[in-house]
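To be precise, the following lines are data-v5.pdb, and they hold PDB, C-alpha atoms and all ligand atoms.
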```
ATOM      1  CA  MET F   1       0.000   0.000   0.000
ATOM      2  CA  TRP F   2       1.190   3.510  -0.736
ATOM      3  CA  ASN F   3       1.335   6.301   1.808
ATOM      4  CA  TYR F   4      -0.513   9.464   0.926
ATOM      5  CA  SER F   5      -0.127  12.822   2.636
ATOM      6  CA  GLU F   6      -2.985  14.603   4.396
ATOM      7  CA  LYS F   7      -3.005  17.113   1.561
ATOM      8  CA  VAL F   8      -3.491  14.420  -1.054
ATOM      9  CA  PHE F   9      -6.440  13.070   0.902
ATOM     10  CA  ASP F  10      -7.848  16.556   1.387
ATOM     11  CA  HIS F  11      -7.706  17.423  -2.311
ATOM     12  CA  PHE F  12      -9.040  13.984  -3.216
ATOM     13  CA  MET F  13     -11.985  14.234  -0.815
ATOM     14  CA  ASN F  14     -12.647  17.943  -1.446
ATOM     15  CA  PRO F  15     -11.384  18.689  -4.941
ATOM     16  CA  ARG F  16     -11.180  22.388  -5.761
ATOM     17  CA  ASN F  17     -12.186  23.977  -9.050
ATOM     18  CA  VAL F  18     -13.896  20.987 -10.635
ATOM     19  CA  GLY F  19     -15.593  21.592 -13.987
ATOM     20  CA  GLU F  20     -14.837  23.743 -16.981
ATOM     21  CA  VAL F  21     -14.295  27.498 -17.078
ATOM     22  CA  ASP F  22     -17.010  29.403 -18.961
ATOM     23  CA  HIS F  23     -15.603  31.130 -22.031
ATOM     24  CA  ALA F  24     -12.178  29.607 -21.368
ATOM     25  CA  ASP F  25      -9.144  31.245 -22.976
ATOM     26  CA  GLY F  26      -7.307  27.917 -23.117
ATOM     27  CA  ILE F  27      -8.339  24.278 -22.822
ATOM     28  CA  GLY F  28      -5.904  21.369 -22.658
ATOM     29  CA  GLU F  29      -6.696  17.688 -22.617
ATOM     30  CA  VAL F  30      -4.294  14.806 -22.090
ATOM     31  CA  GLY F  31      -4.912  11.081 -21.914
ATOM     32  CA  SER F  32      -8.183   9.532 -23.003
ATOM     33  CA  MET F  33     -11.518   9.671 -21.157
ATOM     34  CA  ALA F  34     -12.486   6.419 -22.875
ATOM     35  CA  CYS F  35      -9.546   4.521 -21.431
ATOM     36  CA  GLY F  36      -9.412   5.685 -17.848
ATOM     37  CA  ASP F  37      -6.559   8.150 -17.351
ATOM     38  CA  ALA F  38      -7.464  11.572 -18.655
ATOM     39  CA  LEU F  39      -7.404  15.198 -17.601
ATOM     40  CA  ARG F  40      -9.009  18.292 -19.105
ATOM     41  CA  LEU F  41      -7.870  21.657 -17.787
ATOM     42  CA  SER F  42      -9.246  25.073 -18.738
ATOM     43  CA  PHE F  43      -8.314  28.597 -17.693
ATOM     44  CA  ARG F  44      -9.411  32.198 -18.113
ATOM     45  CA  LEU F  45      -7.122  35.221 -17.986
ATOM     46  CA  ASP F  46      -7.953  38.554 -16.380
ATOM     47  CA  ALA F  47      -7.338  41.971 -17.940
ATOM     48  CA  ASP F  48      -3.702  41.902 -16.704
ATOM     49  CA  GLY F  49      -2.971  38.593 -18.403
ATOM     50  CA  ARG F  50      -3.002  36.656 -15.135
ATOM     51  CA  ILE F  51      -4.887  33.393 -14.658
ATOM     52  CA  ALA F  52      -8.133  34.396 -12.983
ATOM     53  CA  GLU F  53      -9.718  30.974 -12.917
ATOM     54  CA  ALA F  54      -8.651  27.413 -13.701
ATOM     55  CA  ARG F  55     -10.806  24.300 -13.563
ATOM     56  CA  PHE F  56     -10.323  20.622 -14.223
ATOM     57  CA  GLN F  57     -12.179  17.437 -15.063
ATOM     58  CA  THR F  58     -10.415  14.129 -14.688
ATOM     59  CA  PHE F  59     -11.170  10.481 -15.070
ATOM     60  CA  GLY F  60      -8.342   9.105 -12.997
ATOM     61  CA  CYS F  61      -7.278   7.909  -9.574
ATOM     62  CA  GLY F  62      -7.175   9.849  -6.305
ATOM     63  CA  SER F  63      -3.670  11.136  -7.017
ATOM     64  CA  ALA F  64      -4.793  12.471 -10.400
ATOM     65  CA  ILE F  65      -7.687  14.289  -8.740
ATOM     66  CA  ALA F  66      -5.430  15.698  -6.005
ATOM     67  CA  SER F  67      -2.723  16.757  -8.497
ATOM     68  CA  SER F  68      -5.240  18.488 -10.763
ATOM     69  CA  SER F  69      -7.009  20.152  -7.879
ATOM     70  CA  VAL F  70      -3.860  21.578  -6.320
ATOM     71  CA  LEU F  71      -2.576  22.688  -9.732
ATOM     72  CA  THR F  72      -5.684  24.803 -10.344
ATOM     73  CA  GLU F  73      -4.917  26.578  -7.073
ATOM     74  CA  MET F  74      -1.214  26.965  -7.836
ATOM     75  CA  VAL F  75      -1.761  28.701 -11.186
ATOM     76  CA  ARG F  76      -4.332  31.233  -9.995
ATOM     77  CA  GLY F  77      -2.947  34.791 -10.121
ATOM     78  CA  LYS F  78       0.078  33.776 -12.191
ATOM     79  CA  THR F  79       0.986  34.975 -15.668
ATOM     80  CA  LEU F  80       1.361  32.237 -18.278
ATOM     81  CA  GLU F  81       5.144  32.581 -18.063
ATOM     82  CA  GLU F  82       5.014  32.074 -14.295
ATOM     83  CA  ALA F  83       2.580  29.153 -14.574
ATOM     84  CA  ALA F  84       4.782  27.540 -17.204
ATOM     85  CA  ARG F  85       7.595  27.309 -14.674
ATOM     86  CA  ILE F  86       5.534  24.954 -12.464
ATOM     87  CA  THR F  87       7.012  21.479 -12.776
ATOM     88  CA  ASN F  88       5.424  18.187 -11.913
ATOM     89  CA  GLU F  89       7.790  18.011  -8.939
ATOM     90  CA  ASP F  90       6.340  21.351  -7.749
ATOM     91  CA  ILE F  91       2.847  19.861  -7.949
ATOM     92  CA  ALA F  92       3.920  16.823  -5.930
ATOM     93  CA  ALA F  93       5.737  19.037  -3.408
ATOM     94  CA  GLU F  94       2.626  21.190  -2.980
ATOM     95  CA  LEU F  95       0.802  17.983  -2.018
ATOM     96  CA  ASP F  96       3.574  17.153   0.483
ATOM     97  CA  GLY F  97       4.703  14.397  -1.839
ATOM     98  CA  LEU F  98       3.238  11.626  -3.951
ATOM     99  CA  PRO F  99       4.248   7.963  -3.984
ATOM    100  CA  ARG F 100       6.851   7.433  -6.687
ATOM    101  CA  GLU F 101       4.424   5.181  -8.542
ATOM    102  CA  LYS F 102       1.960   8.082  -8.680
ATOM    103  CA  MET F 103       4.290  10.769  -9.987
ATOM    104  CA  HIS F 104       2.825  10.287 -13.454
ATOM    105  CA  CYS F 105      -0.371  11.930 -12.133
ATOM    106  CA  SER F 106       1.523  15.160 -11.479
ATOM    107  CA  VAL F 107       3.117  14.853 -14.937
ATOM    108  CA  MET F 108      -0.374  14.610 -16.437
ATOM    109  CA  GLY F 109      -1.319  17.862 -14.659
ATOM    110  CA  ARG F 110       1.742  19.625 -15.976
ATOM    111  CA  GLU F 111       1.019  18.355 -19.508
ATOM    112  CA  ALA F 112      -2.633  19.448 -19.410
ATOM    113  CA  LEU F 113      -1.546  22.931 -18.331
ATOM    114  CA  GLU F 114       0.967  23.042 -21.153
ATOM    115  CA  ALA F 115      -1.675  21.888 -23.648
ATOM    116  CA  ALA F 116      -4.096  24.567 -22.432
ATOM    117  CA  MET F 117      -1.439  27.255 -22.884
ATOM    118  CA  VAL F 118      -0.668  26.002 -26.379
ATOM    119  CA  ASP F 119      -4.407  26.118 -27.127
ATOM    120  CA  TYR F 120      -4.515  29.728 -25.907
ATOM    121  CA  PHE F 121      -1.725  30.856 -28.247
ATOM    122  CA  ARG F 122      -3.190  28.944 -31.191
ATOM    123  CA  LYS F 123      -6.588  30.572 -30.661
ATOM    124  CA  GLN F 124      -4.826  33.924 -30.683
ATOM    125  CA  GLY F 125      -3.101  33.009 -33.921
ATOM    126  CA  ARG F 126       0.278  33.456 -32.219
ATOM    127  CA  ASP F 127       3.335  31.229 -32.039
ATOM    128  CA  VAL F 128       3.807  29.448 -28.733
ATOM    129  CA  PRO F 129       6.829  30.907 -26.928
ATOM    130  CA  CYS F 130       9.411  28.130 -26.615
ATOM    131  CA  GLY F 131       9.944  28.968 -22.959
ATOM    132  CA  LEU F 132       6.395  27.860 -22.199
ATOM    133  CA  LEU F 133       7.043  24.321 -23.257
ATOM    134  CA  GLN F 134       8.703  21.826 -20.976
ATOM    135  CA  GLN F 135      12.231  21.045 -21.968
ATOM    136  CA  SER F 136      12.406  17.475 -20.747
ATOM    137  CA  THR F 137      11.675  14.707 -23.224
ATOM    138  CA  LEU F 138       9.256  11.935 -22.476
ATOM    139  CA  LEU F 139      10.952   8.616 -23.026
ATOM    140  CA  CYS F 140       8.289   6.209 -21.787
ATOM    141  CA  HIS F 141       4.778   7.300 -22.673
ATOM    142  CA  CYS F 142       3.088   4.462 -20.807
ATOM    143  CA  PHE F 143       4.428   5.781 -17.514
ATOM    144  CA  GLN F 144       5.217   9.377 -18.493
ATOM    145  CA  VAL F 145       8.877   9.022 -17.546
ATOM    146  CA  THR F 146      11.335  11.522 -18.949
ATOM    147  CA  LYS F 147      14.730  10.792 -20.402
ATOM    148  CA  GLU F 148      16.320  12.835 -17.613
ATOM    149  CA  THR F 149      14.687  10.710 -14.915
ATOM    150  CA  VAL F 150      15.884   7.495 -16.535
ATOM    151  CA  ARG F 151      19.390   8.827 -17.076
ATOM    152  CA  ASP F 152      19.637   9.921 -13.417
ATOM    153  CA  ALA F 153      18.441   6.521 -12.219
ATOM    154  CA  ILE F 154      20.917   4.619 -14.401
ATOM    155  CA  LEU F 155      23.860   6.758 -13.347
ATOM    156  CA  THR F 156      22.956   6.943  -9.666
ATOM    157  CA  HIS F 157      22.050   3.279  -9.164
ATOM    158  CA  ARG F 158      24.324   1.858 -11.869
ATOM    159  CA  LEU F 159      21.401   0.099 -13.531
ATOM    160  CA  ALA F 160      22.554  -2.338 -16.149
ATOM    161  CA  GLU F 161      19.427  -3.848 -17.723
ATOM    162  CA  ILE F 162      16.092  -2.562 -18.963
ATOM    163  CA  GLU F 163      14.427  -4.641 -16.279
ATOM    164  CA  ASP F 164      16.457  -2.785 -13.633
ATOM    165  CA  VAL F 165      15.360   0.547 -15.102
ATOM    166  CA  THR F 166      11.739  -0.594 -14.966
ATOM    167  CA  ASN F 167      12.120  -1.578 -11.324
ATOM    168  CA  PHE F 168      13.466   1.844 -10.433
ATOM    169  CA  THR F 169      11.455   4.168 -12.680
ATOM    170  CA  LYS F 170       8.601   2.118 -14.210
ATOM    171  CA  ALA F 171       9.842   3.167 -17.656
ATOM    172  CA  GLY F 172       9.604   0.244 -20.035
ATOM    173  CA  GLY F 173       7.119  -1.714 -17.933
ATOM    174  CA  GLY F 174       4.232  -1.357 -20.366
ATOM    175  CA  CYS F 175       3.954  -1.687 -24.115
ATOM    176  CA  THR F 176       7.770  -1.984 -24.544
ATOM    177  CA  ASP F 177       7.802   0.585 -27.379
ATOM    178  CA  CYS F 178      10.460   2.538 -25.510
ATOM    179  CA  HIS F 179      12.828  -0.421 -25.007
ATOM    180  CA  HIS F 180      14.921   0.559 -27.997
ATOM    181  CA  ASP F 181      15.477   4.061 -26.573
ATOM    182  CA  LEU F 182      16.128   2.613 -23.124
ATOM    183  CA  GLY F 183      18.789   0.354 -24.618
ATOM    184  CA  ASP F 184      20.487   3.332 -26.302
ATOM    185  CA  LEU F 185      20.404   5.331 -23.097
ATOM    186  CA  LEU F 186      21.830   2.429 -21.086
ATOM    187  CA  ARG F 187      24.714   2.129 -23.544
ATOM    188  CA  ASP F 188      25.333   5.861 -23.378
ATOM    189  CA  CYS F 189      25.326   5.991 -19.613
ATOM    190  CA  TRP F 190      27.547   2.929 -19.228
ATOM    191  CA  GLU F 191      30.135   4.450 -21.538
ATOM    192  CA  LYS F 192      30.210   7.418 -19.187
ATOM    193  CA  LEU F 193      30.319   5.207 -16.084
ATOM    194  CA  ALA F 194      33.105   3.082 -17.524
ATOM    195  CA  ALA F 195      35.119   6.171 -18.416
ATOM    196  CA  ALA F 196      34.577   7.608 -14.935
ATOM    197  CA  ASP F 197      35.541   4.301 -13.275
ATOM    198  CA  ALA F 198      38.649   4.006 -15.401
ATOM    199  CA  ALA F 199      39.678   7.553 -14.629
ATOM    200  CA  ALA F 200      39.088   7.067 -10.911
ATOM    201  CA  THR F 201      40.878   3.734 -10.466
ATOM    202  CA  ALA F 202      43.570   3.565 -13.127
ATOM    203  CA  PRO F 203      47.132   4.218 -11.935
ATOM    204  CA  PRO F 204      48.752   7.233 -13.513
ATOM    205  CA  ALA F 205      49.901   6.384 -17.013
ATOM    206  CA  PRO F 206      53.630   6.111 -17.451
ATOM    207  CA  ALA F 207      54.778   8.609 -19.987
ATOM    208  CA  GLY F 208      54.365   7.107 -23.433
ATOM    209  CA  GLY F 209      53.225   3.722 -22.024
ATOM    210  CA  LEU F 210      49.983   1.763 -22.322
ATOM    211  CA  VAL F 211      47.194   2.254 -19.776
ATOM    212  CA  GLU F 212      45.458  -0.763 -18.309
ATOM    213  CA  LEU F 213      41.700  -0.070 -17.997
ATOM    214  CA  ALA F 214      40.027  -0.904 -14.706
ATOM    215  CA  PRO F 215      37.225  -3.495 -14.895
ATOM    216  CA  LEU F 216      33.630  -2.246 -14.631
ATOM    217  CA  ALA F 217      32.109  -2.298 -11.186
ATOM    218  CA  PRO F 218      29.958  -5.414 -10.647
ATOM    219  CA  ARG F 219      26.316  -5.088 -11.571
ATOM    220  CA  PRO F 220      24.126  -4.665  -8.497
ATOM    221  CA  GLU F 221      21.666  -7.378  -7.659
ATOM    222  CA  VAL F 222      18.074  -6.443  -8.515
ATOM    223  CA  ALA F 223      15.272  -7.633  -6.297
ATOM    224  CA  HIS F 224      12.515  -9.566  -8.018
ATOM    225  CA  ALA F 225       9.100 -10.352  -6.634
ATOM    226  CA  PRO F 226       9.150 -13.896  -5.282
ATOM    227  CA  ALA F 227       6.925 -16.464  -6.922
ATOM    228  CA  ASP F 228       3.896 -17.284  -4.796
ATOM    229  CA  ALA F 229       1.266 -19.840  -5.648
ATOM    230  CA  GLY F 230      -1.413 -17.907  -3.715
ATOM    231  CA  VAL F 231      -0.711 -14.767  -5.701
ATOM    232  CA  VAL F 232      -2.445 -16.113  -8.783
ATOM    233  CA  ALA F 233      -5.656 -16.727  -6.857
ATOM    234  CA  ARG F 234      -5.552 -13.206  -5.432
ATOM    235  CA  ILE F 235      -4.865 -11.751  -8.878
ATOM    236  CA  ARG F 236      -7.864 -13.601 -10.295
ATOM    237  CA  ALA F 237     -10.096 -12.379  -7.490
ATOM    238  CA  VAL F 238      -9.037  -8.745  -7.945
ATOM    239  CA  LEU F 239      -9.489  -8.939 -11.702
ATOM    240  CA  ASP F 240     -12.971 -10.441 -11.261
ATOM    241  CA  ASP F 241     -14.111  -8.107  -8.495
ATOM    242  CA  GLU F 242     -12.404  -4.806  -9.337
ATOM    243  CA  VAL F 243     -11.310  -4.741 -12.950
ATOM    244  CA  VAL F 244     -13.850  -6.725 -14.983
ATOM    245  CA  PRO F 245     -16.815  -4.570 -13.826
ATOM    246  CA  ALA F 246     -14.923  -1.346 -14.655
ATOM    247  CA  LEU F 247     -13.924  -2.483 -18.146
ATOM    248  CA  GLY F 248     -17.266  -4.175 -18.760
ATOM    249  CA  ALA F 249     -19.068  -0.840 -18.328
ATOM    250  CA  ASP F 250     -17.414   0.320 -21.556
ATOM    251  CA  GLY F 251     -17.850  -2.962 -23.419
ATOM    252  CA  GLY F 252     -14.354  -4.234 -22.649
ATOM    253  CA  GLY F 253     -12.938  -7.189 -20.801
ATOM    254  CA  ILE F 254      -9.731  -8.842 -19.641
ATOM    255  CA  GLU F 255      -8.269 -12.348 -19.338
ATOM    256  CA  LEU F 256      -5.411 -13.491 -17.137
ATOM    257  CA  VAL F 257      -2.859 -15.259 -19.347
ATOM    258  CA  ARG F 258      -0.164 -16.183 -16.825
ATOM    259  CA  TYR F 259       1.838 -14.974 -13.832
ATOM    260  CA  GLU F 260       5.629 -15.178 -13.729
ATOM    261  CA  HIS F 261       8.189 -13.614 -11.410
ATOM    262  CA  GLY F 262       6.124 -10.597 -10.402
ATOM    263  CA  ARG F 263       4.707 -10.031 -13.878
ATOM    264  CA  VAL F 264       1.038 -10.476 -14.669
ATOM    265  CA  TYR F 265       0.414 -11.172 -18.349
ATOM    266  CA  VAL F 266      -3.105 -10.262 -19.444
ATOM    267  CA  ARG F 267      -5.098 -10.041 -22.660
ATOM    268  CA  LEU F 268      -7.630  -7.246 -23.187
ATOM    269  CA  THR F 269     -10.855  -8.246 -24.904
ATOM    270  CA  GLY F 270     -13.914  -6.552 -26.404
ATOM    271  CA  ALA F 271     -13.735  -2.759 -26.820
ATOM    272  CA  CYS F 272     -10.510  -2.563 -24.778
ATOM    273  CA  ALA F 273      -8.643  -4.797 -27.248
ATOM    274  CA  ALA F 274      -9.241  -2.315 -30.055
ATOM    275  CA  CYS F 275      -8.542   0.794 -27.976
ATOM    276  CA  ARG F 276      -5.481   2.800 -29.015
ATOM    277  CA  LYS F 277      -4.841   3.772 -25.400
ATOM    278  CA  SER F 278      -4.962   0.267 -23.998
ATOM    279  CA  ASP F 279      -1.637   0.942 -22.253
ATOM    280  CA  ALA F 280      -3.432   3.510 -20.078
ATOM    281  CA  THR F 281      -6.031   0.887 -19.181
ATOM    282  CA  ILE F 282      -3.330  -1.628 -18.327
ATOM    283  CA  LYS F 283      -1.352   0.760 -16.159
ATOM    284  CA  GLY F 284      -4.051   3.105 -14.895
ATOM    285  CA  ILE F 285      -6.644   0.515 -13.960
ATOM    286  CA  VAL F 286      -5.365  -3.059 -14.028
ATOM    287  CA  GLU F 287      -1.902  -2.584 -12.561
ATOM    288  CA  GLU F 288      -3.106  -0.003 -10.096
ATOM    289  CA  LYS F 289      -5.784  -2.321  -8.689
ATOM    290  CA  LEU F 290      -3.431  -5.291  -8.535
ATOM    291  CA  ARG F 291      -0.781  -3.229  -6.794
ATOM    292  CA  GLU F 292      -3.325  -1.885  -4.354
ATOM    293  CA  PHE F 293      -4.863  -5.240  -3.445
ATOM    294  CA  VAL F 294      -2.195  -7.867  -4.166
ATOM    295  CA  ALA F 295       1.381  -6.527  -4.113
ATOM    296  CA  ASP F 296       2.785  -3.125  -4.972
ATOM    297  CA  SER F 297       5.691  -4.614  -6.950
ATOM    298  CA  LEU F 298       3.486  -6.286  -9.570
ATOM    299  CA  GLN F 299       3.907  -5.321 -13.214
ATOM    300  CA  VAL F 300       1.148  -5.926 -15.717
ATOM    301  CA  VAL F 301       2.074  -6.740 -19.291
ATOM    302  CA  GLU F 302      -0.431  -6.885 -22.134
ATOM    303  CA  VAL F 303      -0.142  -9.734 -24.603
ATOM    304  CA  ASN F 304      -2.009  -9.936 -27.862
ATOM    305  CA  HIS F 305      -1.783 -13.636 -28.632
TER     306      HIS F 305
HETATM  307  S1  LIG W 401       6.333   3.524 -23.881
HETATM  308 FE1  LIG W 401       7.556   2.695 -22.329
HETATM  309  S2  LIG W 401       6.575   0.865 -21.827
HETATM  310 FE2  LIG W 401       5.238   1.751 -23.278
END
```
Mind converting the file's structure to structure tokens?
Amino acid sequence: MWNYSEKVFDHFMNPRNVGEVDHADGIGEVGSMACGDALRLSFRLDADGRIAEARFQTFGCGSAIASSSVLTEMVRGKTLEEAARITNEDIAAELDGLPREKMHCSVMGREALEAAMVDYFRKQGRDVPCGLLQQSTLLCHCFQVTKETVRDAILTHRLAEIEDVTNFTKAGGGCTDCHHDLGDLLRDCWEKLAAADAAATAPPAPAGGLVELAPLAPRPEVAHAPADAGVVARIRAVLDDEVVPALGADGGGIELVRYEHGRVYVRLTGACAACRKSDATIKGIVEEKLREFVADSLQVVEVNH
């Protein structure tokens, strides 16, 4: 189970500024309402160009509601330039923190704000100032993890495999589309680590002589979820009780394919199988429920065969 701050609970139980601003100057939408993880944010400027009102509608978890709610309070009174400097870490900090697994909710808030600002400039027929757009690059779209976050994790924890990166950052734990980029980044980072290790441990080179390179530091052990026969029964129960009714409401369904080493392989059926944002369903609904009720280390992987 994750620990939530009082502020997260407060904003979840009493969300501020729900709805849509009348005659909004900018409206931004991210995610997909049809698939379970979506946020729509609208704002109106006053005569001085400051945000007079911001409202949100979300179809997401408690952390998404809390992140959106607090964001609408944070932007009020700010110019667009000031609001653009709010990062997803600022949103999480304003809530006195979010569980690491829920940081993508604050990223969704930041993205919806950015989309609303872009909408404002487009409606005005003006170019969007570059400074308004976030500089970091999303590497894993399933989990909204940036390249910077992954690079930091690899360098800090000396992560050697994609699986290690997924354990630390969640990047790569969904559709696997980003695995190629993760592989490139791992190679990049390990070249830097190897160079740093060699520089730190190699004896000074004799003038004109050959330098013997130091071996790479050993790869750290990565913890894996232990196999547990009872886990499968609990997974089935949670899917039947919590997930199937939610997906069934939209004409979708889900089947458990197998469970192996902390990974739950599932197949989406019905409307969910054809949905372009099925990764959001897998991560935002299925994995979230399984982590909440079975074990918070579980990863859910969609299979199509
Ligand atoms: S984009 Fe990274 S797992 Fe889907």
Neighbour list for F:Gly49 as JSON, numbers by chain, cut-off 9 Å, all atoms listed in the file, skip fewer than 5 positions in-chain | {"F": [78, 79, 80]}
Just so the selection is clear, what residues does the PyMOL selection byres (((chain F and resi 187) around 12) and not hetatm) cover here, as a VMD selection string?
-> chain F and resid 151 154 to 155 158 to 162 180 to 186 188 to 194
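Residue nearest F:Asn167 within the list F:Ala199, F:Arg100, F:Leu39, F:Phe59: F:Arg100 [criterion: smallest interatomic distance, all atoms listed in the file].
In this comparison, which uses only C-alpha atoms, the residue of F:Ala195, F:Leu139, F:Val8, F:Leu239 approaching F:Asp177 most closely is F:Leu139.
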Proximity of chain F to ligand LIG 401 (chain W): per-residue shortest pair, 6 Å limit, only C-alpha atoms and all ligand atoms, as JSON lines:
```
{"residue": "F:Cys140", "atom": "CA", "partner": "W:LIG401", "partner_atom": "FE1", "distance": 3.6}
{"residue": "F:His141", "atom": "CA", "partner": "W:LIG401", "partner_atom": "S1", "distance": 4.3}
{"residue": "F:Cys142", "atom": "CA", "partner": "W:LIG401", "partner_atom": "FE2", "distance": 4.3}
{"residue": "F:Ala171", "atom": "CA", "partner": "W:LIG401", "partner_atom": "FE1", "distance": 5.2}
{"residue": "F:Gly172", "atom": "CA", "partner": "W:LIG401", "partner_atom": "S2", "distance": 3.6}
{"residue": "F:Gly173", "atom": "CA", "partner": "W:LIG401", "partner_atom": "S2", "distance": 4.7}
{"residue": "F:Gly174", "atom": "CA", "partner": "W:LIG401", "partner_atom": "S2", "distance": 3.5}
{"residue": "F:Cys175", "atom": "CA", "partner": "W:LIG401", "partner_atom": "FE2", "distance": 3.8}
{"residue": "F:Thr176", "atom": "CA", "partner": "W:LIG401", "partner_atom": "S2", "distance": 4.1}
{"residue": "F:Asp177", "atom": "CA", "partner": "W:LIG401", "partner_atom": "S1", "distance": 4.8}
{"residue": "F:Cys178", "atom": "CA", "partner": "W:LIG401", "partner_atom": "FE1", "distance": 4.3}
```
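Nearest to F:Val294 of all the residues F:Gly262, F:Thr58, F:Val21, F:Lys170 is F:Gly262, based on only C-alpha atoms.
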Stretch 248-252 of chain F environment, 6 Å, all atoms listed in the file, sequence neighbours closer than 3 positions dropped, as an mmCIF file with C-alpha atoms, keeping the file's coordinate frame:
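Final file, part07.cif:
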```cif
data_model
loop_
_atom_site.group_PDB
_atom_site.id
_atom_site.type_symbol
_atom_site.label_atom_id
_atom_site.label_comp_id
_atom_site.auth_asym_id
_atom_site.auth_seq_id
_atom_site.Cartn_x
_atom_site.Cartn_y
_atom_site.Cartn_z
ATOM 1 C CA VAL F 244 -13.850 -6.725 -14.983
ATOM 2 C CA PRO F 245 -16.815 -4.570 -13.826
ATOM 3 C CA THR F 269 -10.855 -8.246 -24.904
ATOM 4 C CA GLY F 270 -13.914 -6.552 -26.404
ATOM 5 C CA ALA F 271 -13.735 -2.759 -26.820
ATOM 6 C CA CYS F 272 -10.510 -2.563 -24.778
#
```
Convert the output of the PyMOL selection byres (((chain F and resi 65-69) around 6) and not hetatm) on the shown file into explicit residues, formatted as a JSON list (two decimals) with C-alpha atoms, in the frame of the given file.
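Contents of the output file selection-v3.json:
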```json
[["chain", "number", "residue", "atom", "x", "y", "z"],
["F", 8, "VAL", "CA", -3.49, 14.42, -1.05],
["F", 11, "HIS", "CA", -7.71, 17.42, -2.31],
["F", 12, "PHE", "CA", -9.04, 13.98, -3.22],
["F", 15, "PRO", "CA", -11.38, 18.69, -4.94],
["F", 16, "ARG", "CA", -11.18, 22.39, -5.76],
["F", 62, "GLY", "CA", -7.18, 9.85, -6.30],
["F", 63, "SER", "CA", -3.67, 11.14, -7.02],
["F", 64, "ALA", "CA", -4.79, 12.47, -10.40],
["F", 70, "VAL", "CA", -3.86, 21.58, -6.32],
["F", 71, "LEU", "CA", -2.58, 22.69, -9.73],
["F", 72, "THR", "CA", -5.68, 24.80, -10.34],
["F", 106, "SER", "CA", 1.52, 15.16, -11.48],
["F", 109, "GLY", "CA", -1.32, 17.86, -14.66]]
```
So which residues touch F:Ala153 within 8 Å, counting all atoms listed in the file, skipping near sequence neighbours fewer than 4 positions away, as a ChimeraX atom specification?
-> /F:149,157-159,165,168-169
Convert the current residue selection to file output with C-alpha atoms, as a short mmCIF file (atom, residue, chain, number, x, y, z; two decimals), in the frame of the given file.
```
data_model
loop_
_atom_site.label_atom_id
_atom_site.label_comp_id
_atom_site.auth_asym_id
_atom_site.auth_seq_id
_atom_site.Cartn_x
_atom_site.Cartn_y
_atom_site.Cartn_z
CA THR F 149 14.69 10.71 -14.92
CA HIS F 157 22.05 3.28 -9.16
CA ARG F 158 24.32 1.86 -11.87
CA LEU F 159 21.40 0.10 -13.53
CA VAL F 165 15.36 0.55 -15.10
CA PHE F 168 13.47 1.84 -10.43
CA THR F 169 11.46 4.17 -12.68
#
```
Pull the neighbourhood of (0.7, 25.7, -25.7) for me: all residues within 12 Å in file coordinates, counting only C-alpha atoms, as a PyMOL selection string.
-> chain F and resi 25-29+80-81+83-84+110-134
Resulting file, chosen residues, C-alpha atoms, as a PDB file, in the coordinates of the input:
```pdb
ATOM      1  CA  ASP F  25      -9.144  31.245 -22.976  1.00  0.00           C
ATOM      2  CA  GLY F  26      -7.307  27.917 -23.117  1.00  0.00           C
ATOM      3  CA  ILE F  27      -8.339  24.278 -22.822  1.00  0.00           C
ATOM      4  CA  GLY F  28      -5.904  21.369 -22.658  1.00  0.00           C
ATOM      5  CA  GLU F  29      -6.696  17.688 -22.617  1.00  0.00           C
ATOM      6  CA  LEU F  80       1.361  32.237 -18.278  1.00  0.00           C
ATOM      7  CA  GLU F  81       5.144  32.581 -18.063  1.00  0.00           C
ATOM      8  CA  ALA F  83       2.580  29.153 -14.574  1.00  0.00           C
ATOM      9  CA  ALA F  84       4.782  27.540 -17.204  1.00  0.00           C
ATOM     10  CA  ARG F 110       1.742  19.625 -15.976  1.00  0.00           C
ATOM     11  CA  GLU F 111       1.019  18.355 -19.508  1.00  0.00           C
ATOM     12  CA  ALA F 112      -2.633  19.448 -19.410  1.00  0.00           C
ATOM     13  CA  LEU F 113      -1.546  22.931 -18.331  1.00  0.00           C
ATOM     14  CA  GLU F 114       0.967  23.042 -21.153  1.00  0.00           C
ATOM     15  CA  ALA F 115      -1.675  21.888 -23.648  1.00  0.00           C
ATOM     16  CA  ALA F 116      -4.096  24.567 -22.432  1.00  0.00           C
ATOM     17  CA  MET F 117      -1.439  27.255 -22.884  1.00  0.00           C
ATOM     18  CA  VAL F 118      -0.668  26.002 -26.379  1.00  0.00           C
ATOM     19  CA  ASP F 119      -4.407  26.118 -27.127  1.00  0.00           C
ATOM     20  CA  TYR F 120      -4.515  29.728 -25.907  1.00  0.00           C
ATOM     21  CA  PHE F 121      -1.725  30.856 -28.247  1.00  0.00           C
ATOM     22  CA  ARG F 122      -3.190  28.944 -31.191  1.00  0.00           C
ATOM     23  CA  LYS F 123      -6.588  30.572 -30.661  1.00  0.00           C
ATOM     24  CA  GLN F 124      -4.826  33.924 -30.683  1.00  0.00           C
ATOM     25  CA  GLY F 125      -3.101  33.009 -33.921  1.00  0.00           C
ATOM     26  CA  ARG F 126       0.278  33.456 -32.219  1.00  0.00           C
ATOM     27  CA  ASP F 127       3.335  31.229 -32.039  1.00  0.00           C
ATOM     28  CA  VAL F 128       3.807  29.448 -28.733  1.00  0.00           C
ATOM     29  CA  PRO F 129       6.829  30.907 -26.928  1.00  0.00           C
ATOM     30  CA  CYS F 130       9.411  28.130 -26.615  1.00  0.00           C
ATOM     31  CA  GLY F 131       9.944  28.968 -22.959  1.00  0.00           C
ATOM     32  CA  LEU F 132       6.395  27.860 -22.199  1.00  0.00           C
ATOM     33  CA  LEU F 133       7.043  24.321 -23.257  1.00  0.00           C
ATOM     34  CA  GLN F 134       8.703  21.826 -20.976  1.00  0.00           C
TER      35      GLN F 134
END
```
